[in-house]
>>> print(open('protein_6.cif').read())   # mmCIF, C-alpha atoms
data_coords
loop_
_atom_site.label_atom_id
_atom_site.label_comp_id
_atom_site.auth_asym_id
_atom_site.auth_seq_id
_atom_site.Cartn_x
_atom_site.Cartn_y
_atom_site.Cartn_z
CA MET J 1 153.91 65.91 153.38
CA ALA J 2 150.30 66.95 153.15
CA LYS J 3 149.60 70.65 152.91
CA LEU J 4 147.89 72.36 155.81
CA GLU J 5 144.28 73.17 155.21
CA ASN J 6 143.37 76.78 154.29
CA SER J 7 141.61 77.62 157.54
CA LEU J 8 141.91 81.09 159.04
CA LYS J 9 143.62 79.68 162.10
CA ASN J 10 146.28 77.90 160.05
CA MET J 11 146.95 80.92 157.85
CA VAL J 12 147.28 83.35 160.76
CA LEU J 13 149.38 80.89 162.69
CA SER J 14 151.85 80.09 159.89
CA LEU J 15 152.30 83.73 158.90
CA THR J 16 152.82 84.75 162.52
CA VAL J 17 155.35 82.03 163.20
CA ILE J 18 157.31 82.81 160.04
CA THR J 19 157.42 86.57 160.63
CA VAL J 20 158.41 86.09 164.28
CA VAL J 21 161.20 83.67 163.38
CA VAL J 22 162.50 85.87 160.55
CA GLY J 23 162.25 88.94 162.78
CA ALA J 24 164.25 87.25 165.52
CA LEU J 25 166.87 86.14 163.00
CA LEU J 26 167.20 89.68 161.62
CA GLY J 27 167.46 91.13 165.12
CA TYR J 28 170.24 88.72 165.90
CA VAL J 29 172.18 89.40 162.69
CA ALA J 30 171.72 93.15 163.11
CA SER J 31 173.11 93.05 166.64
CA VAL J 32 176.09 90.96 165.51
CA THR J 33 176.91 93.19 162.53
CA GLU J 34 176.22 96.53 164.23
CA GLU J 35 179.76 96.90 165.54
CA PRO J 36 181.62 95.88 162.34
CA ILE J 37 179.39 98.21 160.30
CA ALA J 38 180.11 101.16 162.59
CA LYS J 39 183.80 100.24 162.55
CA ALA J 40 183.88 99.99 158.77
CA ALA J 41 182.28 103.41 158.44
CA GLU J 42 184.72 104.92 160.92
CA ALA J 43 187.74 103.23 159.32
CA LYS J 44 186.63 104.58 155.97
CA GLN J 45 186.35 108.09 157.38
CA GLN J 46 189.72 107.88 159.12
CA SER J 47 191.52 106.54 156.06
CA ALA J 48 189.83 109.24 154.01
CA ILE J 49 191.14 111.93 156.38
CA VAL J 50 194.65 110.50 156.22
CA SER J 51 194.54 110.32 152.43
CA VAL J 52 193.28 113.88 151.95
CA VAL J 53 195.74 115.47 154.37
CA PRO J 54 198.90 113.59 153.45
CA VAL J 55 201.18 114.72 156.28
CA GLU J 56 203.20 112.07 158.07
CA GLY J 57 202.75 111.78 161.82
CA ALA J 58 199.74 114.07 161.84
CA VAL J 59 197.03 113.71 164.46
CA VAL J 60 193.35 114.00 163.61
CA GLY J 61 191.62 116.35 166.01
CA GLU J 62 188.09 116.30 167.32
CA ALA J 63 185.31 116.40 164.76
CA GLN J 64 183.08 119.46 164.58
CA ASN J 65 179.63 119.14 163.11
CA VAL J 66 178.58 122.11 161.04
CA THR J 67 175.99 122.87 158.38
CA THR J 68 177.00 124.00 154.93
CA GLU J 69 175.28 126.65 152.90
CA ASN J 70 173.04 124.14 151.14
CA GLY J 71 171.61 123.02 154.47
CA LYS J 72 173.43 119.69 154.54
CA PRO J 73 175.46 118.49 157.54
CA ALA J 74 179.24 118.58 157.20
CA VAL J 75 182.03 117.49 159.48
CA VAL J 76 185.29 119.39 159.98
CA PHE J 77 188.38 117.61 161.27
CA PRO J 78 191.41 119.75 162.16
CA VAL J 79 194.65 117.84 161.50
CA THR J 80 197.64 118.87 163.60
CA LYS J 81 201.28 117.89 163.88
CA ASP J 82 203.28 118.81 167.01
CA GLY J 83 200.45 121.13 168.05
CA LYS J 84 200.48 123.06 164.77
CA LEU J 85 197.62 123.00 162.31
CA VAL J 86 198.81 121.35 159.09
CA GLY J 87 195.50 120.92 157.37
CA THR J 88 191.77 120.54 157.70
CA ALA J 89 189.65 117.70 156.43
CA VAL J 90 186.08 118.61 155.57
CA GLN J 91 183.41 116.09 154.76
CA ALA J 92 180.80 117.85 152.68
CA VAL J 93 177.67 116.92 150.75
CA SER J 94 176.50 118.23 147.42
CA LYS J 95 172.87 117.61 146.62
CA ASN J 96 173.36 118.28 142.93
CA GLY J 97 174.62 114.86 141.93
CA PHE J 98 173.09 113.08 138.96
CA GLY J 99 171.07 110.77 141.18
CA GLY J 100 171.07 112.60 144.50
CA ASP J 101 173.64 113.41 147.13
CA ILE J 102 177.36 112.90 146.80
CA VAL J 103 179.60 112.87 149.85
CA VAL J 104 183.23 113.91 149.49
CA MET J 105 186.01 114.46 152.01
CA PHE J 106 188.37 117.30 151.11
CA GLY J 107 191.69 118.19 152.66
CA PHE J 108 192.73 121.84 152.75
CA ASP J 109 196.10 123.15 153.90
CA PRO J 110 196.08 126.17 156.26
CA GLU J 111 196.02 128.52 153.23
CA GLY J 112 192.95 126.85 151.82
CA VAL J 113 194.73 124.99 149.02
CA ILE J 114 193.14 121.63 148.20
CA MET J 115 195.56 118.91 149.32
CA GLY J 116 193.48 115.93 148.38
CA TYR J 117 189.99 114.49 148.26
CA SER J 118 188.30 111.20 148.76
CA VAL J 119 184.82 110.39 147.54
CA LEU J 120 182.88 108.68 150.33
CA ASP J 121 179.63 108.18 148.46
CA CYS J 122 178.89 108.59 144.77
CA SER J 123 176.74 105.46 144.55
CA ASN J 124 173.93 107.41 142.87
CA GLU J 125 176.09 108.47 139.93
CA THR J 126 176.13 106.50 136.68
CA PRO J 127 178.68 103.67 136.81
CA GLY J 128 181.42 104.29 134.26
CA LEU J 129 180.55 108.00 134.00
CA GLY J 130 179.87 110.07 137.09
CA ALA J 131 181.15 107.24 139.23
CA LYS J 132 184.65 107.91 137.85
CA MET J 133 184.68 110.78 140.32
CA PRO J 134 187.06 109.12 142.82
CA ASP J 135 189.90 109.11 140.26
CA TRP J 136 189.08 111.84 137.77
CA PHE J 137 189.99 114.88 139.87
CA GLN J 138 193.12 113.40 141.49
CA LYS J 139 196.61 114.75 141.01
CA GLY J 140 197.89 114.10 137.49
CA ALA J 141 194.48 112.98 136.23
CA LYS J 142 192.49 114.89 133.62
CA GLY J 143 190.36 116.95 135.99
CA ASP J 144 193.15 117.60 138.52
CA VAL J 145 191.92 119.91 141.31
CA ILE J 146 194.76 119.20 143.75
CA GLY J 147 196.87 122.25 144.54
CA LYS J 148 194.10 124.66 143.55
CA ASN J 149 192.79 127.21 145.99
CA PRO J 150 189.05 127.97 145.79
CA ALA J 151 189.90 131.55 146.81
CA LYS J 152 192.20 132.08 143.82
CA ASN J 153 191.16 129.52 141.23
CA ASN J 154 187.80 129.30 139.59
CA ILE J 155 186.71 125.83 140.62
CA THR J 156 183.90 125.22 138.17
CA VAL J 157 183.81 123.01 135.09
CA SER J 158 185.27 124.45 131.90
CA LYS J 159 181.82 124.52 130.28
CA ASP J 160 180.84 127.09 132.91
CA GLY J 161 184.04 129.07 132.41
CA GLY J 162 186.01 127.41 135.21
CA GLU J 163 189.33 125.63 135.32
CA VAL J 164 188.20 122.07 135.94
CA ASP J 165 187.89 119.57 133.11
CA ALA J 166 184.58 117.80 133.60
CA ILE J 167 184.31 114.01 133.42
CA THR J 168 183.54 113.01 129.82
CA ALA J 169 179.76 112.76 129.42
CA ALA J 170 179.17 113.48 133.11
CA THR J 171 179.04 117.25 133.42
CA ILE J 172 176.31 117.17 136.04
CA SER J 173 178.33 114.92 138.33
CA SER J 174 181.38 117.12 137.76
CA ARG J 175 179.40 120.23 138.63
CA ALA J 176 178.20 118.52 141.78
CA PHE J 177 181.81 117.75 142.64
CA CYS J 178 182.76 121.42 142.23
CA ASP J 179 179.72 122.33 144.31
CA ALA J 180 180.97 119.98 147.04
CA ILE J 181 184.31 121.82 146.99
CA ALA J 182 182.52 125.14 147.39
CA GLN J 183 180.39 123.76 150.22
CA ALA J 184 183.44 122.35 151.98
CA TYR J 185 185.45 125.53 151.50
CA GLY J 186 182.55 127.56 152.85
CA VAL J 187 182.74 125.90 156.25
CA LEU J 188 186.53 125.89 156.48
CA PRO J 189 187.51 127.60 159.73
CA LYS J 190 189.05 130.92 158.77
CA ASN J 191 192.55 130.84 160.19
CA ALA J 192 194.43 132.85 157.61
CA PRO J 193 193.36 136.32 158.80
CA GLU J 194 194.72 138.42 155.94
CA ALA J 195 193.05 136.29 153.27
CA GLU J 196 189.87 135.88 155.23
CA THR J 197 187.50 138.45 153.80
CA SER J 198 188.46 138.13 150.16
CA ALA J 199 188.56 134.36 150.38
CA THR J 200 185.13 134.21 151.92
CA LYS J 201 183.69 136.52 149.30
CA GLN J 202 185.25 134.59 146.46
CA ALA J 203 184.13 131.31 147.89
CA GLU J 204 180.63 132.66 148.11
CA ALA J 205 180.88 133.90 144.55
CA VAL J 206 182.06 130.47 143.41
CA ALA J 207 179.28 128.79 145.34
CA ASP J 208 176.74 131.19 143.85
CA SER J 209 177.92 130.69 140.30
CA VAL J 210 177.89 126.94 140.76
CA SER J 211 174.38 126.92 142.15
CA GLU J 212 173.29 129.24 139.36
CA CYS J 213 174.68 126.88 136.75
CA VAL J 214 172.96 124.01 138.39
CA ASN J 215 169.68 125.88 138.49
CA GLU J 216 170.07 126.58 134.81
CA VAL J 217 170.66 122.94 134.11
CA ALA J 218 167.69 121.99 136.21
CA ALA J 219 165.55 124.54 134.39
CA LYS J 220 166.57 123.10 131.04
CA MET C 1 167.51 63.82 138.42
CA SER C 2 170.86 63.59 140.20
CA LYS C 3 172.15 66.49 142.29
CA LEU C 4 174.81 67.29 139.70
CA GLY C 5 172.18 67.13 136.98
CA ILE C 6 170.08 69.71 138.84
CA ILE C 7 173.06 72.05 139.13
CA ILE C 8 174.00 71.74 135.44
CA ASN C 9 170.36 72.19 134.48
CA GLY C 10 170.40 75.56 136.27
CA ILE C 11 173.55 76.70 134.52
CA ILE C 12 172.70 75.68 130.97
CA LYS C 13 169.23 74.38 130.15
CA GLU C 14 167.39 76.73 132.47
CA ASN C 15 169.96 79.52 132.63
CA PRO C 16 167.91 82.24 134.36
CA THR C 17 169.30 85.11 132.29
CA PHE C 18 169.81 83.71 128.80
CA VAL C 19 167.05 81.08 128.61
CA LEU C 20 164.36 81.96 131.18
CA LEU C 21 165.00 85.71 130.81
CA LEU C 22 164.14 86.30 134.46
CA GLY C 23 165.49 88.96 136.79
CA MET C 24 166.23 91.45 134.04
CA CYS C 25 166.32 94.49 136.34
CA PRO C 26 169.54 93.62 138.21
CA THR C 27 170.91 92.03 135.05
CA LEU C 28 170.71 95.28 133.14
CA GLY C 29 171.42 97.52 136.09
CA THR C 30 174.51 96.04 137.71
CA THR C 31 176.51 94.70 134.78
CA SER C 32 178.40 97.88 133.93
CA SER C 33 181.57 96.01 134.89
CA ALA C 34 182.54 92.37 135.32
CA ILE C 35 183.22 92.74 139.05
CA ASN C 36 179.82 94.34 139.71
CA GLY C 37 178.05 91.62 137.76
CA MET C 38 179.89 88.89 139.61
CA SER C 39 179.23 90.38 143.07
CA MET C 40 175.54 90.75 142.27
CA GLY C 41 175.41 87.16 141.00
CA LEU C 42 177.09 85.80 144.12
CA ALA C 43 174.82 87.78 146.46
CA THR C 44 171.76 86.47 144.62
CA MET C 45 173.14 82.94 144.71
CA ALA C 46 173.58 83.10 148.50
CA VAL C 47 169.97 84.21 148.90
CA LEU C 48 168.72 81.59 146.42
CA ILE C 49 170.42 78.67 148.16
CA CYS C 50 169.18 79.68 151.63
CA SER C 51 165.64 80.56 150.56
CA ASN C 52 165.26 77.44 148.38
CA PHE C 53 166.44 75.23 151.23
CA VAL C 54 164.28 76.83 153.92
CA ILE C 55 161.17 77.09 151.76
CA SER C 56 161.50 73.45 150.81
CA CYS C 57 161.76 72.54 154.51
CA VAL C 58 158.68 74.50 155.60
CA LYS C 59 156.49 74.04 152.52
CA GLY C 60 154.26 71.50 154.25
CA LEU C 61 153.50 73.87 157.12
CA ILE C 62 152.22 76.70 154.94
CA PRO C 63 148.59 76.78 153.77
CA ASP C 64 148.30 77.36 150.01
CA LYS C 65 146.43 80.65 150.24
CA VAL C 66 149.21 82.44 152.10
CA HIS C 67 152.22 80.81 150.52
CA ILE C 68 153.37 83.88 148.54
CA PRO C 69 153.53 86.24 151.53
CA CYS C 70 155.27 83.54 153.55
CA TYR C 71 157.87 82.93 150.83
CA ILE C 72 158.48 86.65 150.39
CA VAL C 73 159.01 87.15 154.12
CA ILE C 74 161.56 84.34 154.14
CA ILE C 75 163.32 85.69 151.04
CA ALA C 76 163.32 89.27 152.35
CA GLY C 77 164.77 88.01 155.62
CA PHE C 78 167.70 86.36 153.86
CA VAL C 79 168.27 89.37 151.63
CA THR C 80 168.50 91.64 154.66
CA VAL C 81 170.90 89.22 156.33
CA VAL C 82 173.10 89.22 153.21
CA GLN C 83 172.91 93.01 153.03
CA LEU C 84 173.96 93.43 156.65
CA LEU C 85 176.82 90.96 156.24
CA ILE C 86 178.07 92.73 153.11
CA LYS C 87 177.89 96.09 154.87
CA ALA C 88 179.83 94.75 157.83
CA TYR C 89 182.49 92.65 156.16
CA ALA C 90 182.78 93.87 152.56
CA PRO C 91 182.13 97.63 152.59
CA ALA C 92 183.70 97.99 149.14
CA VAL C 93 181.07 95.69 147.59
CA ASP C 94 178.35 97.55 149.46
CA GLU C 95 179.51 100.76 147.82
CA THR C 96 179.19 99.49 144.26
CA LEU C 97 176.04 97.40 144.67
CA GLY C 98 174.37 99.33 147.50
CA LEU C 99 170.95 99.91 146.04
CA PHE C 100 170.65 96.63 144.15
CA ILE C 101 171.05 94.28 147.10
CA PRO C 102 167.63 95.04 148.66
CA LEU C 103 166.14 94.61 145.19
CA ILE C 104 167.04 90.90 145.26
CA VAL C 105 163.80 90.52 147.24
CA VAL C 106 161.76 91.31 144.15
CA ASN C 107 164.06 89.45 141.77
CA CYS C 108 161.69 87.07 140.07
CA ILE C 109 164.37 84.38 139.87
CA VAL C 110 164.27 83.89 143.63
CA LEU C 111 160.50 83.71 144.02
CA GLY C 112 160.26 81.85 140.70
CA ARG C 113 162.54 79.07 141.86
CA ALA C 114 160.78 78.91 145.21
CA GLU C 115 157.47 78.40 143.41
CA SER C 116 158.56 76.14 140.58
CA PHE C 117 161.20 74.04 142.29
CA ALA C 118 161.49 74.35 146.06
CA ALA C 119 157.75 73.98 146.61
CA LYS C 120 157.79 70.59 144.85
CA ASN C 121 161.16 69.07 145.76
CA GLY C 122 163.15 68.05 148.84
CA PRO C 123 165.45 70.43 150.74
CA LEU C 124 168.74 69.06 149.37
CA ASP C 125 167.57 69.04 145.76
CA SER C 126 166.27 72.57 146.26
CA ALA C 127 169.60 73.75 147.63
CA CYS C 128 171.29 72.20 144.58
CA ASP C 129 168.83 74.00 142.34
CA GLY C 130 169.77 77.21 144.17
CA ILE C 131 173.45 76.53 143.49
CA GLY C 132 172.81 75.76 139.83
CA ILE C 133 170.53 78.70 139.10
CA GLY C 134 172.79 80.94 141.19
CA LEU C 135 175.87 79.85 139.26
CA GLY C 136 174.06 80.30 135.96
CA PHE C 137 173.00 83.80 137.01
CA THR C 138 176.51 84.67 138.25
CA LEU C 139 178.18 83.39 135.06
CA ALA C 140 175.70 85.24 132.87
CA LEU C 141 176.10 88.49 134.77
CA THR C 142 179.88 88.23 134.82
CA LEU C 143 179.98 87.53 131.09
CA LEU C 144 177.59 90.38 130.37
CA GLY C 145 179.58 92.73 132.60
CA LEU C 146 182.84 91.62 131.01
CA CYS C 147 181.58 92.29 127.48
CA ARG C 148 180.20 95.71 128.41
CA GLU C 149 183.33 96.69 130.32
CA LEU C 150 185.59 95.50 127.52
CA LEU C 151 183.66 97.20 124.72
CA GLY C 152 182.81 100.31 126.68
CA ALA C 153 185.81 101.14 128.84
CA GLY C 154 188.57 98.94 127.42
CA THR C 155 189.15 97.09 130.69
CA ALA C 156 188.53 93.56 131.92
CA PHE C 157 188.10 93.11 135.71
CA ASN C 158 189.52 96.65 136.03
CA GLN C 159 192.69 95.65 134.15
CA PRO C 160 193.29 97.88 131.10
CA VAL C 161 193.20 95.93 127.83
CA TYR C 162 193.29 98.75 125.30
CA PRO C 163 193.26 102.56 125.57
CA GLU C 164 190.00 103.92 126.91
CA GLN C 165 189.32 106.41 124.11
CA PHE C 166 188.64 103.55 121.66
CA GLY C 167 185.83 102.22 123.85
CA ALA C 168 182.23 102.79 122.82
CA LEU C 169 180.63 104.59 125.74
CA THR C 170 177.20 103.26 124.77
CA PHE C 171 178.08 99.85 126.15
CA VAL C 172 178.54 101.19 129.67
CA LEU C 173 175.20 103.00 129.46
CA ALA C 174 171.75 101.41 129.51
CA PRO C 175 171.32 100.84 125.73
CA GLY C 176 174.55 98.83 125.70
CA ALA C 177 173.08 96.55 128.36
CA PHE C 178 170.12 95.69 126.12
CA ILE C 179 172.27 95.22 123.02
CA THR C 180 174.82 93.02 124.78
CA LEU C 181 172.12 90.98 126.53
CA ALA C 182 170.30 90.38 123.25
CA TYR C 183 173.40 89.25 121.38
CA LEU C 184 174.64 87.05 124.21
CA SER C 185 171.30 85.30 124.69
CA ALA C 186 170.95 84.80 120.94
CA LEU C 187 174.40 83.18 120.79
CA PHE C 188 173.75 81.15 123.94
CA ASN C 189 170.47 79.78 122.62
CA LYS C 190 171.98 78.96 119.23
CA PHE C 191 174.60 76.76 120.86
CA ILE C 192 172.22 75.19 123.37
CA LYS C 193 169.58 74.24 120.79
CA LYS C 194 172.06 72.23 118.72
#
>>> encode(input="protein_6.cif", output="structure tokens")
Amino acid sequence: MAKLENSLKNMVLSLTVITVVVGALLGYVASVTEEPIAKAAEAKQQSAIVSVVPVEGAVVGEAQNVTTENGKPAVVFPVTKDGKLVGTAVQAVSKNGFGGDIVVMFGFDPEGVIMGYSVLDCSNETPGLGAKMPDWFQKGAKGDVIGKNPAKNNITVSKDGGEVDAITAATISSRAFCDAIAQAYGVLPKNAPEAETSATKQAEAVADSVSECVNEVAAK
Amino acid sequence: MSKLGIIINGIIKENPTFVLLLGMCPTLGTTSSAINGMSMGLATMAVLICSNFVISCVKGLIPDKVHIPCYIVIIAGFVTVVQLLIKAYAPAVDETLGLFIPLIVVNCIVLGRAESFAAKNGPLDSACDGIGIGLGFTLALTLLGLCRELLGAGTAFNQPVYPEQFGALTFVLAPGAFITLAYLSALFNKFIKK
């Protein structure tokens, strides 16, 4: 097949036709995949809620959009069983990850004890290091945070004087994880009245110390 | 050259990673584990086959002076299609590869094959070349990922082989990628040259 001649008309025409055809194809694929993508994101969120608030027969309540102290959006899901609050799932963002934001869903019981967590996005962390986050802090693992209460326990990495063992060679990611806990705890609806004031103060203190550490790291 | 010959040529004689040393960015970036390497290889292969085929079909309709922009638009189109499909039907893969999928557009293997093969050969031969080069890339990335995972984390395809504390962390990090790639391509070339 002979090549088309390099005239302006031919060049404009072939480029236009190709971009229009590719654009139409992309539009079609995007419209077809829009629903599955939204569904996949929702399914991931729902399964994350169920895994962080492990109560059988619980019902996930309506989502509330809030903003955490670091200015990032967070979502709070109350989880109830037979009309009683059994836990709260909070999806929070820490912007202190090694390569940007990390998104984690935490489950707190009504007293504020961490029941579970599920990392929704740590794709900017180093594979094999910071990206171990989804397993490292689980129950029975080295950096176990399950069963700790941010109001009573010092949820920072041990290098900063806290109780959490950081991921080997990924202290920044671990700090970001602790920061995410503080962010999530900060927006937890206060429904334990007697613990309210002290818990809030301590949570703020934790959040402050974490952000201080991070600032130090950044300064270095 | 027969169709099978074209495919084998892509896997061995013109292996994009070990012989042509093309597309080093995803090669070094995504091979921290065997599964990641394999997924990246397969995604690239899908794009290569489609873009090679289509470019070979339309090559006569494109004036020489604008062929690069035209090829890139076609390639970028397929990459976006692959990205959307992965997002919709394999969210787990999207999570691990996320950032690297759009980068297939600028992977020099894809444009390189379009220029050096698809622009000179028929559509079917070009698709076969896409399969061959794609398989070669996938095998190389899987092998590279496997070595790094095994030496660095003590696992193979996420199955523990030996306790993690004996692994050399370097291999999971960037320097390990360069070291492993160098040794593997040296070995590969030694056996091919014979």
>>> residues_near_point(input="protein_6.cif", point="(178.4, 90.8, 155.6)", cutoff="12 Å", atoms="all atoms listed in the file", output="ChimeraX atom specification")
/J:29-30,32-37,40 /C:43,46,78-94,101
>>> resolve_selection(input="protein_6.cif", expression="the PyMOL selection byres ((chain C) within 7 of (chain J))", output="list in words")
Ser32, Gly60, Leu61, Ile62, Pro63, Asp64, Lys65, Val66, Cys70, Val73, Ile74, Gly77, Val81, Leu84, Leu85, Lys87, Ala88, Pro91, Glu95, Thr96 and Val172 of chain C
>>> residues_around(input="protein_6.cif", residues="J:Lys142", least_positions_apart="6", cutoff="12 Å", atoms="only C-alpha atoms", output="PyMOL selection string")
chain J and resi 132-133+135-136+157+163-168
>>> residues_near_point(input="protein_6.cif", point="(195.5, 118.1, 167.8)", cutoff="8 Å", atoms="all atoms listed in the file", output="NGL selection string")
:J and (59-62 or 78-85)
>>> atom_distance(input="protein_6.cif", atom1="atom CA of C:Leu28", atom2="atom CA of C:Leu144")
8.9 Å
>>> atom_distance(input="protein_6.cif", atom1="atom CA of J:Asn154", atom2="atom CA of J:Ser174")
13.9 Å
>>> atom_distance(input="protein_6.cif", atom1="atom CA of C:Ile8", atom2="atom CA of C:Ile133")
8.6 Å
>>> residues_around(input="protein_6.cif", residues="C:Asn9", least_positions_apart="6", cutoff="10 Å", atoms="only C-alpha atoms", output="count of residues only")
7
>>> decode(input="protein_6.cif", residues="stretch 99-123 of chain J", atoms="N, CA and C atoms", output="mmCIF file, in the first residue's frame")
data_model
loop_
_atom_site.group_PDB
_atom_site.id
_atom_site.type_symbol
_atom_site.label_atom_id
_atom_site.label_comp_id
_atom_site.auth_asym_id
_atom_site.auth_seq_id
_atom_site.Cartn_x
_atom_site.Cartn_y
_atom_site.Cartn_z
ATOM 1 N N GLY J 99 5.017 8.352 49.851
ATOM 2 C CA GLY J 99 4.864 8.910 48.512
ATOM 3 C C GLY J 99 3.569 9.672 48.344
ATOM 4 N N GLY J 100 2.970 10.130 49.449
ATOM 5 C CA GLY J 100 1.711 10.855 49.322
ATOM 6 C C GLY J 100 0.680 10.359 50.312
ATOM 7 N N ASP J 101 -0.562 10.400 49.887
ATOM 8 C CA ASP J 101 -1.647 10.055 50.808
ATOM 9 C C ASP J 101 -1.776 8.544 51.005
ATOM 10 N N ILE J 102 -2.167 8.165 52.230
ATOM 11 C CA ILE J 102 -2.613 6.787 52.430
ATOM 12 C C ILE J 102 -4.046 6.858 52.955
ATOM 13 N N VAL J 103 -4.847 5.905 52.546
ATOM 14 C CA VAL J 103 -6.250 5.874 52.964
ATOM 15 C C VAL J 103 -6.482 4.598 53.754
ATOM 16 N N VAL J 104 -6.962 4.732 54.970
ATOM 17 C CA VAL J 104 -7.170 3.561 55.816
ATOM 18 C C VAL J 104 -8.558 3.634 56.430
ATOM 19 N N MET J 105 -9.212 2.499 56.529
ATOM 20 C CA MET J 105 -10.500 2.408 57.214
ATOM 21 C C MET J 105 -10.240 1.788 58.583
ATOM 22 N N PHE J 106 -10.677 2.480 59.630
ATOM 23 C CA PHE J 106 -10.511 1.948 60.986
ATOM 24 C C PHE J 106 -11.873 1.634 61.572
ATOM 25 N N GLY J 107 -11.906 0.593 62.412
ATOM 26 C CA GLY J 107 -13.128 0.305 63.164
ATOM 27 C C GLY J 107 -12.860 0.560 64.628
ATOM 28 N N PHE J 108 -13.741 1.354 65.262
ATOM 29 C CA PHE J 108 -13.620 1.599 66.696
ATOM 30 C C PHE J 108 -14.861 1.043 67.385
ATOM 31 N N ASP J 109 -14.695 0.455 68.570
ATOM 32 C CA ASP J 109 -15.882 0.057 69.316
ATOM 33 C C ASP J 109 -16.396 1.298 70.057
ATOM 34 N N PRO J 110 -17.571 1.216 70.707
ATOM 35 C CA PRO J 110 -18.134 2.437 71.303
ATOM 36 C C PRO J 110 -17.208 3.110 72.304
ATOM 37 N N GLU J 111 -16.239 2.361 72.884
ATOM 38 C CA GLU J 111 -15.310 2.991 73.828
ATOM 39 C C GLU J 111 -14.117 3.638 73.114
ATOM 40 N N GLY J 112 -14.015 3.441 71.843
ATOM 41 C CA GLY J 112 -12.899 4.032 71.123
ATOM 42 C C GLY J 112 -11.721 3.087 70.937
ATOM 43 N N VAL J 113 -11.925 1.804 71.312
ATOM 44 C CA VAL J 113 -10.852 0.827 71.120
ATOM 45 C C VAL J 113 -10.818 0.415 69.652
ATOM 46 N N ILE J 114 -9.613 0.300 69.098
ATOM 47 C CA ILE J 114 -9.491 -0.079 67.688
ATOM 48 C C ILE J 114 -9.872 -1.550 67.535
ATOM 49 N N MET J 115 -10.884 -1.814 66.704
ATOM 50 C CA MET J 115 -11.334 -3.199 66.499
ATOM 51 C C MET J 115 -10.670 -3.822 65.284
ATOM 52 N N GLY J 116 -10.292 -3.001 64.353
ATOM 53 C CA GLY J 116 -9.684 -3.543 63.139
ATOM 54 C C GLY J 116 -9.372 -2.411 62.190
ATOM 55 N N TYR J 117 -8.610 -2.715 61.145
ATOM 56 C CA TYR J 117 -8.351 -1.695 60.135
ATOM 57 C C TYR J 117 -8.193 -2.374 58.790
ATOM 58 N N SER J 118 -8.373 -1.599 57.776
ATOM 59 C CA SER J 118 -8.192 -2.118 56.427
ATOM 60 C C SER J 118 -7.621 -0.996 55.582
ATOM 61 N N VAL J 119 -6.481 -1.252 54.973
ATOM 62 C CA VAL J 119 -5.834 -0.212 54.170
ATOM 63 C C VAL J 119 -6.497 -0.170 52.800
ATOM 64 N N LEU J 120 -7.072 0.967 52.443
ATOM 65 C CA LEU J 120 -7.756 1.074 51.155
ATOM 66 C C LEU J 120 -6.796 1.520 50.069
ATOM 67 N N ASP J 121 -5.824 2.344 50.424
ATOM 68 C CA ASP J 121 -4.882 2.796 49.414
ATOM 69 C C ASP J 121 -3.522 3.077 50.042
ATOM 70 N N CYS J 122 -2.540 2.251 49.732
ATOM 71 C CA CYS J 122 -1.168 2.597 50.120
ATOM 72 C C CYS J 122 -0.294 2.390 48.890
ATOM 73 N N SER J 123 -0.865 2.702 47.713
ATOM 74 C CA SER J 123 -0.172 2.411 46.458
ATOM 75 C C SER J 123 1.051 3.305 46.260
#
